[in-house]
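Trainee: Hey, dropping data12.txt in here, compact mmCIF, C-alpha atoms and all ligand atoms:
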# COMPACT_ATOMS: atom_id res chain seq x y z
CA MET A 104 -8.92 -120.88 -67.74
CA LYS A 105 -9.69 -117.44 -68.94
CA VAL A 106 -7.07 -115.71 -71.00
CA PRO A 107 -4.77 -113.66 -68.75
CA GLU A 108 -5.23 -109.91 -69.13
CA GLY A 109 -2.60 -107.97 -71.01
CA GLY A 110 -0.18 -105.54 -69.47
CA HIS A 111 1.51 -107.86 -66.99
CA SER A 112 4.99 -109.36 -66.92
CA ILE A 113 5.63 -112.88 -68.20
CA GLU A 114 6.27 -113.97 -64.61
CA GLU A 115 2.87 -112.66 -63.54
CA VAL A 116 1.14 -114.50 -66.38
CA LEU A 117 2.95 -117.74 -65.49
CA ARG A 118 2.04 -117.25 -61.84
CA GLU A 119 -1.60 -116.75 -62.79
CA ILE A 120 -1.52 -120.02 -64.76
CA GLU A 121 0.13 -121.86 -61.85
CA GLY A 122 -2.51 -120.42 -59.53
CA TRP A 123 -5.30 -121.67 -61.78
CA LYS A 124 -3.75 -125.16 -61.86
CA ASN A 125 -3.39 -125.22 -58.08
CA GLU A 126 -6.97 -124.14 -57.63
CA HIS A 127 -8.71 -126.27 -60.27
CA CYS A 128 -6.47 -129.27 -60.90
CA THR A 129 -4.84 -132.23 -59.28
CA PRO A 130 -1.48 -133.30 -60.68
CA GLY A 131 -1.45 -136.94 -61.77
CA SER A 132 1.48 -139.33 -61.35
CA ASP A 133 1.73 -139.26 -65.16
CA GLY A 134 2.72 -135.59 -65.20
CA PHE A 135 -0.66 -134.40 -66.52
CA TYR A 136 -3.18 -132.33 -64.64
CA TYR A 137 -6.72 -133.44 -63.90
CA CYS A 138 -9.80 -131.35 -63.18
CA LYS A 139 -10.69 -131.48 -59.49
CA LYS A 140 -14.40 -131.32 -60.29
CA THR A 141 -14.78 -133.80 -63.15
CA GLY A 142 -11.56 -135.80 -63.07
CA VAL A 143 -10.88 -135.31 -66.77
CA GLN A 144 -7.44 -134.51 -68.07
CA VAL A 145 -6.91 -130.80 -68.51
CA ASN A 146 -6.09 -129.73 -72.07
CA GLN A 147 -3.64 -127.11 -73.20
CA THR A 148 -3.81 -124.55 -75.90
CA THR A 149 -1.24 -122.01 -77.01
CA LEU A 150 -1.54 -118.48 -75.74
CA LEU A 151 0.18 -115.97 -78.00
CA ALA A 152 1.49 -113.02 -76.03
CA SER A 153 2.74 -109.95 -77.88
CA VAL A 154 5.85 -108.60 -76.22
CA HIS A 155 5.36 -104.94 -75.33
CA ILE A 156 7.88 -102.60 -73.81
CA ALA A 157 7.05 -102.03 -70.14
CA GLU A 158 8.31 -98.44 -70.20
CA PHE A 159 5.66 -97.54 -72.80
CA GLY A 160 2.88 -98.61 -70.45
CA ASP A 161 -0.62 -98.01 -71.81
CA GLN A 162 0.64 -97.38 -75.33
CA HIS A 163 1.08 -101.17 -75.68
CA ALA A 164 3.94 -100.67 -78.08
CA GLY A 165 6.15 -103.60 -78.92
CA VAL A 166 8.81 -104.85 -81.21
CA GLY A 167 6.70 -107.34 -83.11
CA LYS A 168 7.80 -110.27 -80.99
CA VAL A 169 5.42 -112.90 -79.69
CA VAL A 170 5.98 -115.47 -76.96
CA ARG A 171 4.01 -118.71 -76.80
CA ILE A 172 2.71 -119.78 -73.41
CA ALA A 173 0.90 -123.04 -72.62
CA LEU A 174 -2.61 -122.18 -71.45
CA PRO A 175 -4.48 -124.95 -69.63
CA TYR A 176 -8.26 -125.36 -69.77
CA CYS A 177 -10.77 -127.96 -68.69
CA PRO A 178 -12.58 -129.44 -71.73
CA ILE A 179 -15.72 -130.06 -69.65
CA CYS A 180 -16.02 -127.05 -67.35
CA GLU A 181 -15.21 -124.45 -69.98
CA ASP A 182 -15.00 -123.80 -73.70
CA GLU A 183 -11.66 -124.04 -75.42
CA PRO A 184 -10.23 -120.53 -75.58
CA LEU A 185 -10.13 -119.87 -79.33
CA ASN A 186 -7.01 -118.16 -80.65
CA PRO A 187 -6.16 -116.78 -77.24
CA ILE A 188 -3.99 -113.71 -77.36
CA THR A 189 -2.73 -111.29 -74.76
CA CYS A 190 0.31 -109.11 -74.24
CA VAL A 191 3.18 -109.18 -71.77
CA HIS A 192 5.11 -106.11 -70.73
CA VAL A 193 8.86 -106.59 -70.57
CA PRO A 194 11.48 -103.99 -69.57
CA MET A 195 13.20 -102.47 -72.58
CA PRO A 196 16.73 -103.83 -71.87
CA LEU A 197 15.35 -107.39 -71.77
CA VAL A 198 13.40 -106.88 -74.99
CA ARG A 199 16.59 -105.77 -76.74
CA GLU A 200 18.60 -108.74 -75.49
CA GLY A 201 16.06 -111.35 -76.57
ZN ZN B 1 0.50 -104.48 -73.92
ZN ZN B 2 -13.32 -129.30 -65.14
How does this structure look as structure tokens?
Ligand SMILES: [Zn+2]
Ligand SMILES: [Zn+2]
Mentor:
Amino acid sequence: MKVPEGGHSIEEVLREIEGWKNEHCTPGSDGFYYCKKTGVQVNQTTLLASVHIAEFGDQHAGVGKVVRIALPYCPICEDEPLNPITCVHVPMPLVREG
């Protein structure tokens, strides 16, 4: 799938990934996902999301933290996203806690 755009919450990014899986994949009984079109097992790569402070909005300012999110992609229908990066915007109190 294409790398989620920056500037959203972690929940929104995870929802986008779930949405992609629901649209493009069939879950197998083995716990893996399979492409609806080609039947091949969907791969996963690691999406690195810089944690930015939501209150800073378009400044995209963060605290140097990165969260890793599993990003699925079909090895036949699309190219592997190379070094996928994005950013997630998290409210300041939550950034401080983590
Ligand atoms: Zn950002
Ligand atoms: Zn596919």
Trainee: Residues at most 9 Å from His127 in chain A, counting only C-alpha atoms, excluding those fewer than 5 positions away in the same chain, as a VMD selection string?
Mentor: chain A and resid 122 137 to 140 177
Trainee: Which protein, DNA or RNA residues have an atom within 10 Å of ligand ZN 1 (chain B), counting all atoms listed in the file, as a list in words?
Mentor: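 For ligand ZN 1 (chain B), the residues inside 10 Å are Glu108, Gly109, Gly110, His111, Ser112, Ala152, Ser153, Val154, His155, Ile156, Ala157, Phe159, Gly160, Asp161, Gln162, His163, Ala164, Gly165, Thr189, Cys190, Val191, His192 and Val193 of chain A.
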Trainee: Given all atoms listed in the file as the basis, pick out the residue of A:Val169, A:Met195, A:Leu174, A:Ile113 nearest to Gln147 in chain A.
Mentor: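 Going through A:Val169, A:Met195, A:Leu174, A:Ile113 one by one, the smallest distance to Gln147 in chain A is for A:Leu174.
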Trainee: Using only the atoms of range 176-194 of chain A listed in the file, plus 6 Å on each side, state the axis-aligned box centre and edge lengths in Å rounded to one decimal, as AutoDock Vina command-line options.
Mentor:
--center_x -2.3 --center_y -117.0 --center_z -74.0 --size_x 39.5 --size_y 38.1 --size_z 25.3
Trainee: Compile a residue-level contact table for chain A against ligand ZN 2 (chain B) at a cut-off of 12 Å, reporting for every qualifying residue the shortest atom pair and its distance in Å to one decimal, with only C-alpha atoms and all ligand atoms counted, rows ordered by chain and ascending number, as a Markdown table.
Mentor:
| residue | atom | partner | partner_atom | distance |
| --- | --- | --- | --- | --- |
| A:Met104 | CA | B:ZN2 | ZN | 9.8 |
| A:Trp123 | CA | B:ZN2 | ZN | 11.6 |
| A:Lys124 | CA | B:ZN2 | ZN | 10.9 |
| A:Glu126 | CA | B:ZN2 | ZN | 11.1 |
| A:His127 | CA | B:ZN2 | ZN | 7.4 |
| A:Cys128 | CA | B:ZN2 | ZN | 8.1 |
| A:Thr129 | CA | B:ZN2 | ZN | 10.7 |
| A:Tyr136 | CA | B:ZN2 | ZN | 10.6 |
| A:Tyr137 | CA | B:ZN2 | ZN | 7.9 |
| A:Cys138 | CA | B:ZN2 | ZN | 4.5 |
| A:Lys139 | CA | B:ZN2 | ZN | 6.6 |
| A:Lys140 | CA | B:ZN2 | ZN | 5.4 |
| A:Thr141 | CA | B:ZN2 | ZN | 5.1 |
| A:Gly142 | CA | B:ZN2 | ZN | 7.0 |
| A:Val143 | CA | B:ZN2 | ZN | 6.7 |
| A:Gln144 | CA | B:ZN2 | ZN | 8.4 |
| A:Val145 | CA | B:ZN2 | ZN | 7.4 |
| A:Asn146 | CA | B:ZN2 | ZN | 10.0 |
| A:Pro175 | CA | B:ZN2 | ZN | 10.8 |
| A:Tyr176 | CA | B:ZN2 | ZN | 7.9 |
| A:Cys177 | CA | B:ZN2 | ZN | 4.6 |
| A:Pro178 | CA | B:ZN2 | ZN | 6.6 |
| A:Ile179 | CA | B:ZN2 | ZN | 5.2 |
| A:Cys180 | CA | B:ZN2 | ZN | 4.2 |
| A:Glu181 | CA | B:ZN2 | ZN | 7.1 |
| A:Asp182 | CA | B:ZN2 | ZN | 10.3 |
| A:Glu183 | CA | B:ZN2 | ZN | 11.7 |
Trainee: Could you tell me how far CA of Thr149 in chain A lies from CA of Gly134 in chain A, in Å and to one decimal?
Mentor: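 The value is 18.4 Å.
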Trainee: What does the distance from CA of Leu151 in chain A to CA of Val170 in chain A come to in Å, to one decimal?
Mentor: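 Calculated distance between CA of Leu151 in chain A and CA of Val170 in chain A is 5.9 Å.
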Trainee: If you measure from CA of Thr148 in chain A to CA of Val116 in chain A, what distance in Å do you get, rounded to one decimal?
Mentor: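 About the pair CA of Thr148 in chain A and CA of Val116 in chain A: they are 14.7 Å apart.
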Trainee: I'd like to know which of A:Ser132, A:Gly167, A:Glu121, A:Leu150 is closest to Ile188 in chain A, using all atoms listed in the file.
Mentor: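 With all atoms listed in the file as the atom set, the closest residue is A:Leu150.
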Trainee: From the set A:Lys105, A:Arg118, A:Arg199, A:Asn186, which residue has the shortest atom-to-atom contact distance to Arg171 in chain A, counting only C-alpha atoms?
Mentor: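 Answer, going by the shortest atom-to-atom distance: A:Asn186.
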